[in-house]
Amino acid sequence: MAERALEVDWDLVVVDEAHKMSATYYGLEVKATRRYRLGQQLAERAKHFLLLTATPHRGKEEDFRLFLALLDPDRFAGKPRAGSPALDTQGVWLRRQKEDLVRFDGTPLFPERRAYTVAYRLSPEEMALYQAVTAYVREEMNRAEALEEGRRRTVGFALTLLQRRLASSPLALFRSLERRRKRLEARLAEVRRGLAPGFPLLEEEDIEELEEFPTEELEGAPEVLDQATAARTAAELEAEIRTLKALEAQAKRLLHLEKDRKWQELRRLLESDLVRGRKLIVFTEHRDTLEYLEGRLGAFLGRPEAVVSLHGGLSREERRLRQARFTQDPDVEILVATDAAGEGVNLQQAHLLVNYDLPWNPARLEQRFGRIHRIGQREVCHMWNLVAENTREGEVYLRLLRKLEEESRDLGGRVFDVLGQLFQDRPLKDLLLEAIRYGEDPEVRARLFRKVEGAVDRERLLTLLEGALAKEVLDPRRLKHLREEMERAEARRLQPHYLTSFFREALERLGGSVHLREAGRMEVAYVPPRVRKPGVLRQYTRVTFHKDRVSLPGKPQADFLVPGHPLLDAVLEGVLEAWGEYLERGTVLVDENATEPRLVLALEHGVEDARGPASRRLLYVGVGPRGEVRAEGPAPYLDLRPATEEERRLGLELAGRLDLPRLLERAETYAVEHLAREHLEEARGLREREVDRTLKAVRERLLSEIWYWEAQALQEEARAKEGRAGAKARAERARRRAEELKERLRRREEELLKARHLRSLPPRLTQAIWVIPPLAQGPSGLEEEARRRLERLAVEAVLRAERLQGHDPREMPPGWPGYDVESRLPDGSLRFLEVKGKGPGSGVVTLSRTQILTGLNKPESWFLVVVETDGERALRAHYIPAPFQREPDFAATSVNYDLAELLARARWSVEL
């Protein structure tokens, strides 16, 4: 797969869980993982490279620089040194801690999260087995010390996994002992036949990745781990097999007793008021334990179908279907999952989680918590950690968990953001192994406790939380601008209302059944076979296009339909299969408010630099029959309806009498002189700021490295004159390094200076729509003139009324979809005003489909403003909140409202 990925020149590469692309320094040498080297190669083949991670670094700036060097090797070259420029990540790095994220109204984006420690004691039978297996593990680890490094490393890791399965479940331990015994018996048979079988050896990088990033291989205990042994002779193998048989028999007896204290603690949790009847996720590290829990949980609930599982051995489609069952089916209560299935999965439909097995990498606690503590979660999240307090490793882990609980009372959920950075000098897994091997020594235990408590010390936690890398603050002016742009984007967005309307109509035309339920939510009662692609269910309890309506108190969780969701993708595919040919035919559309025809053109405009395209935009231009030109806004077709056959015939006859080439020329000239120029200047401003920032950072960093290596060269040359051995060679290497960096700087400066220069391409015609007025007799010229005069009077009155209220109004360009006036309030928020002027005798207000959907997008800030006039003067302005609750019917382009009823709903009025 990696080789195939490197054969493509990508526009964009997105790396999720990007911290897996890790590298570190050993002296002056960089030790890079295979994933890191793949990242370097992909970065060279990608125009844009996006790294996503919740755990980007572990407190070591030099390793963090290596991570950022995937984005820009020049800007983040070399190790941090005294006197070198401070790390500058502006423009390439954005970090936010969950507890610091808020909505624009100041409310937290994420709910509170709470963790609890559930300590229990092994029963006498369990303790006897624990001590026996631990003694075996310790003895074999001691024997492994005499092996060469590769075998010692692999045997040590295999025994570590066995110890971890000991704490997982009786079934996991029994099967692990059974597999290991059978593997070693097969190995003994080969030795007796005179063969000298070896076993594959794991490199240090392999073990680090298996420890930190659990995979299906780790779950399933592959052959390399089951047959890794310190035994070197037949006699030693026979002795180890005898030990394993005795342990296997002891584990089998314990399994049949069915007195598992850990399971009893989980059952007690299931019976508690906080958990009973609610969806729960249980994480384990091992497939055998997952199977064990599936059986016991199904029996406990009396409904095996109420339990589903996720593990790394499932196909992507099967995993998606099981996840959908857990989130959509109200009868499914419990999900049992391994870490191999946990990464990247959205499970915020639940807010309760149990760590049945504790990971030896504490960062994975936060990763598991992150499965439920996600955007869209509205409930307080609870996590329980089960730990055996009378085991050696459990005793150390218990000290860590209780210290975390203590600190989280004051620091809140923030402590989970830095779990991966707590144990820098020595990983937690090494401390746990030391406890297993030497934990009977009181001095060793005391030292381990001090180490754990020091890692979670209050001052250390505050230092990690308040470190410079976590202090990213939006400038207030930028935040204000961002807020305004987001409000405008929300008013114009297609999701949720346009897509809701489309989805209902499309699925029903394809043979499906959709029913409206709670506001903004639907039940898909039937998905027809032609839409039921892989990953698509027969029915969905709830679906929604509203992200704020995924979770509602007391209601089923809804699937959030976005591009990439199997159901939405299947509906889009079905529509294209059924009616895609119509896209190639062109069309005539009708504007109900028009009095004369116009040609609407879609022109694709591009801006490029020396490397190729830099920005693209679709420009809509309208041109009337006399050549008058105007910008049509972002989506002018949304308020147009299909023409009848008669309207189409008459419209095409009219188009045939016009000088279409001249109209096209006028429209293209306008686009070049106005819209394309605006696009170019906008792209140029963004590019110049980006280039200037990058050039400054690259120069500072590479010049610092050049000066360092030149200084090293001078030092070594001085030592060479003193006759120091090897100094001359070191001086030459340092000098070559400095020259290489100078050449890198020259090339990068040249590349960046070229990138500043952008040029505008000629707009390219992609669509042409002939827009005609309705076939029915429209208003006369005098009537139309009176209507326009009344509209102008009303808009000017609203602008005046807004200023009287202390607001800053701005009139939108003619034909702007959705509203006529945008008004900034003193608190910085925006109000969107659709203005209707009404004279004596008026009884109806007509709102277009786009105006209605814009109001639905921003119901708290969109207002219909009806201006009463006497025909010559504006008398008063009535501010009416959005008078609609849902989208118009799919075929409707406008809706009429009774004027008297609207005025009765006015929230306030302004005398003019």
# chains A, B, ... in the order shown; residues from 1 in each chain; ligands from 1

call {"tool": "select_by_dssp", "arguments": {"residues": "region 57-265 of chain A", "states": "helix (DSSP H, G or I)", "output": "PyMOL selection string"}}
result
chain A and resi 61-69+98-100+124-144+149-166+170-192+204-212+216-220+223-226+234-257+261-265

call {"tool": "write_last_selection", "arguments": {"atoms": "C-alpha atoms", "output": "compact mmCIF listing (two decimals), in the first residue's frame"}}
result
# COMPACT_ATOMS: atom_id res chain seq x y z
CA GLU A 61 11.21 19.90 21.88
CA GLU A 62 13.85 18.19 19.74
CA ASP A 63 11.47 15.33 18.90
CA PHE A 64 8.64 17.79 18.33
CA ARG A 65 10.88 19.66 15.85
CA LEU A 66 11.40 16.40 13.98
CA PHE A 67 7.64 15.92 13.84
CA LEU A 68 7.14 19.45 12.46
CA ALA A 69 9.98 18.86 9.97
CA LYS A 98 -10.58 20.52 24.96
CA GLU A 99 -11.36 22.35 28.19
CA ASP A 100 -10.30 25.67 26.62
CA PRO A 124 -7.26 -16.42 47.11
CA GLU A 125 -7.54 -18.68 44.06
CA GLU A 126 -6.79 -15.80 41.69
CA MET A 127 -3.92 -14.63 43.86
CA ALA A 128 -2.36 -18.09 43.87
CA LEU A 129 -2.44 -18.20 40.07
CA TYR A 130 -1.14 -14.63 39.84
CA GLN A 131 1.84 -15.46 42.03
CA ALA A 132 2.59 -18.66 40.11
CA VAL A 133 2.48 -16.99 36.68
CA THR A 134 4.45 -13.97 37.94
CA ALA A 135 7.12 -16.29 39.32
CA TYR A 136 7.32 -18.01 35.90
CA VAL A 137 7.57 -14.66 34.10
CA ARG A 138 10.28 -13.41 36.48
CA GLU A 139 12.31 -16.60 36.17
CA GLU A 140 12.15 -16.60 32.37
CA MET A 141 13.03 -12.88 32.22
CA ASN A 142 16.05 -13.53 34.39
CA ARG A 143 17.13 -16.39 32.08
CA ALA A 144 16.61 -14.11 29.06
CA GLU A 149 20.11 -8.56 22.47
CA GLY A 150 17.58 -9.48 19.75
CA ARG A 151 16.40 -12.67 21.47
CA ARG A 152 16.41 -11.02 24.91
CA ARG A 153 14.24 -8.18 23.59
CA THR A 154 11.72 -10.50 21.89
CA VAL A 155 11.46 -12.95 24.80
CA GLY A 156 11.03 -10.08 27.24
CA PHE A 157 8.19 -8.64 25.22
CA ALA A 158 6.46 -12.03 24.90
CA LEU A 159 6.60 -12.54 28.66
CA THR A 160 5.32 -9.01 29.26
CA LEU A 161 2.24 -9.77 27.17
CA LEU A 162 1.65 -12.96 29.14
CA GLN A 163 1.77 -10.98 32.38
CA ARG A 164 -0.71 -8.46 31.01
CA ARG A 165 -3.11 -11.21 29.97
CA LEU A 166 -2.86 -12.53 33.53
CA PRO A 170 -9.24 -16.08 33.15
CA LEU A 171 -10.00 -16.98 29.54
CA ALA A 172 -7.23 -14.75 28.14
CA LEU A 173 -4.67 -16.26 30.50
CA PHE A 174 -5.78 -19.85 29.93
CA ARG A 175 -5.65 -19.52 26.15
CA SER A 176 -2.31 -17.71 26.25
CA LEU A 177 -0.75 -20.45 28.37
CA GLU A 178 -2.31 -23.13 26.15
CA ARG A 179 -1.01 -21.53 22.94
CA ARG A 180 2.45 -21.02 24.36
CA ARG A 181 2.62 -24.61 25.63
CA LYS A 182 1.58 -25.99 22.23
CA ARG A 183 4.12 -23.79 20.39
CA LEU A 184 6.93 -24.90 22.66
CA GLU A 185 5.93 -28.56 22.34
CA ALA A 186 6.17 -28.21 18.55
CA ARG A 187 9.55 -26.54 19.00
CA LEU A 188 10.71 -29.37 21.31
CA ALA A 189 9.73 -31.96 18.68
CA GLU A 190 11.89 -30.18 16.11
CA VAL A 191 14.85 -30.04 18.53
CA ARG A 192 14.53 -33.78 19.14
CA GLU A 204 13.08 -2.24 19.08
CA GLU A 205 10.95 -0.13 16.73
CA ASP A 206 8.53 -3.06 16.26
CA ILE A 207 8.07 -3.41 20.01
CA GLU A 208 7.65 0.33 20.54
CA GLU A 209 4.95 0.46 17.88
CA LEU A 210 3.15 -2.61 19.22
CA GLU A 211 3.25 -1.14 22.72
CA GLU A 212 2.09 2.32 21.76
CA GLU A 216 -4.68 -6.89 15.48
CA GLU A 217 -1.32 -8.68 15.61
CA LEU A 218 -0.92 -7.75 19.28
CA GLU A 219 -4.50 -8.84 20.04
CA GLY A 220 -4.10 -12.23 18.43
CA GLU A 223 3.52 -17.06 16.52
CA VAL A 224 6.59 -14.96 17.11
CA LEU A 225 5.37 -14.08 20.62
CA ASP A 226 3.99 -17.50 21.55
CA ALA A 234 15.71 -29.76 24.93
CA ALA A 235 15.98 -30.14 28.71
CA GLU A 236 15.27 -26.46 29.27
CA LEU A 237 12.30 -26.65 26.91
CA GLU A 238 10.94 -29.72 28.70
CA ALA A 239 11.21 -27.92 32.04
CA GLU A 240 9.42 -24.83 30.72
CA ILE A 241 6.66 -26.97 29.16
CA ARG A 242 6.11 -28.76 32.50
CA THR A 243 5.76 -25.38 34.19
CA LEU A 244 3.30 -24.21 31.52
CA LYS A 245 1.19 -27.39 31.86
CA ALA A 246 0.88 -26.85 35.60
CA LEU A 247 -0.06 -23.19 35.11
CA GLU A 248 -2.52 -24.12 32.35
CA ALA A 249 -4.27 -26.63 34.62
CA GLN A 250 -4.45 -24.08 37.42
CA ALA A 251 -5.90 -21.47 35.01
CA LYS A 252 -8.46 -23.95 33.71
CA ARG A 253 -9.70 -24.70 37.22
CA LEU A 254 -10.04 -20.99 37.94
CA LEU A 255 -11.93 -20.46 34.67
CA HIS A 256 -14.43 -23.17 35.56
CA LEU A 257 -14.98 -21.71 39.04
CA ARG A 261 -13.50 -10.74 40.99
CA LYS A 262 -12.89 -8.31 38.14
CA TRP A 263 -16.09 -9.41 36.41
CA GLN A 264 -17.95 -9.04 39.69
CA GLU A 265 -16.83 -5.39 39.91

call {"tool": "residues_around", "arguments": {"residues": "region 873-888 of chain A", "least_positions_apart": "6", "cutoff": "6 Å", "atoms": "only C-alpha atoms", "output": "list in words"}}
result
Gly855, Phe863, Leu864, Val865, Val866, Val867, Ala906, Arg907, Trp908, Ser909, Val910, Glu911 and Leu912 of chain A

call {"tool": "atom_distance", "arguments": {"atom1": "CA of Gly806 (chain A)", "atom2": "CA of Ser829 (chain A)"}}
result
13.0 Å

call {"tool": "closest_residue", "arguments": {"among": "A:Asp74, A:Tyr116, A:Val336, A:Asp329", "to": "Thr541 (chain A)", "atoms": "only C-alpha atoms"}}
result
A:Asp329

call {"tool": "residues_around", "arguments": {"residues": "Val575 (chain A)", "least_positions_apart": "4", "cutoff": "9 Å", "atoms": "only C-alpha atoms", "output": "ChimeraX atom specification"}}
result
/A:506-507,509-510,570-571,579-580

call {"tool": "residues_around", "arguments": {"residues": "Glu291 (chain A)", "least_positions_apart": "3", "cutoff": "12 Å", "atoms": "only C-alpha atoms", "output": "count of residues only"}}
result
26

call {"tool": "select_by_dssp", "arguments": {"residues": "region 100-197 of chain A", "states": "strand (DSSP E)", "output": "list in words"}}
result
Arg113, Arg114, Ala115, Tyr116, Thr117, Val118, Ala119 and Tyr120 of chain A
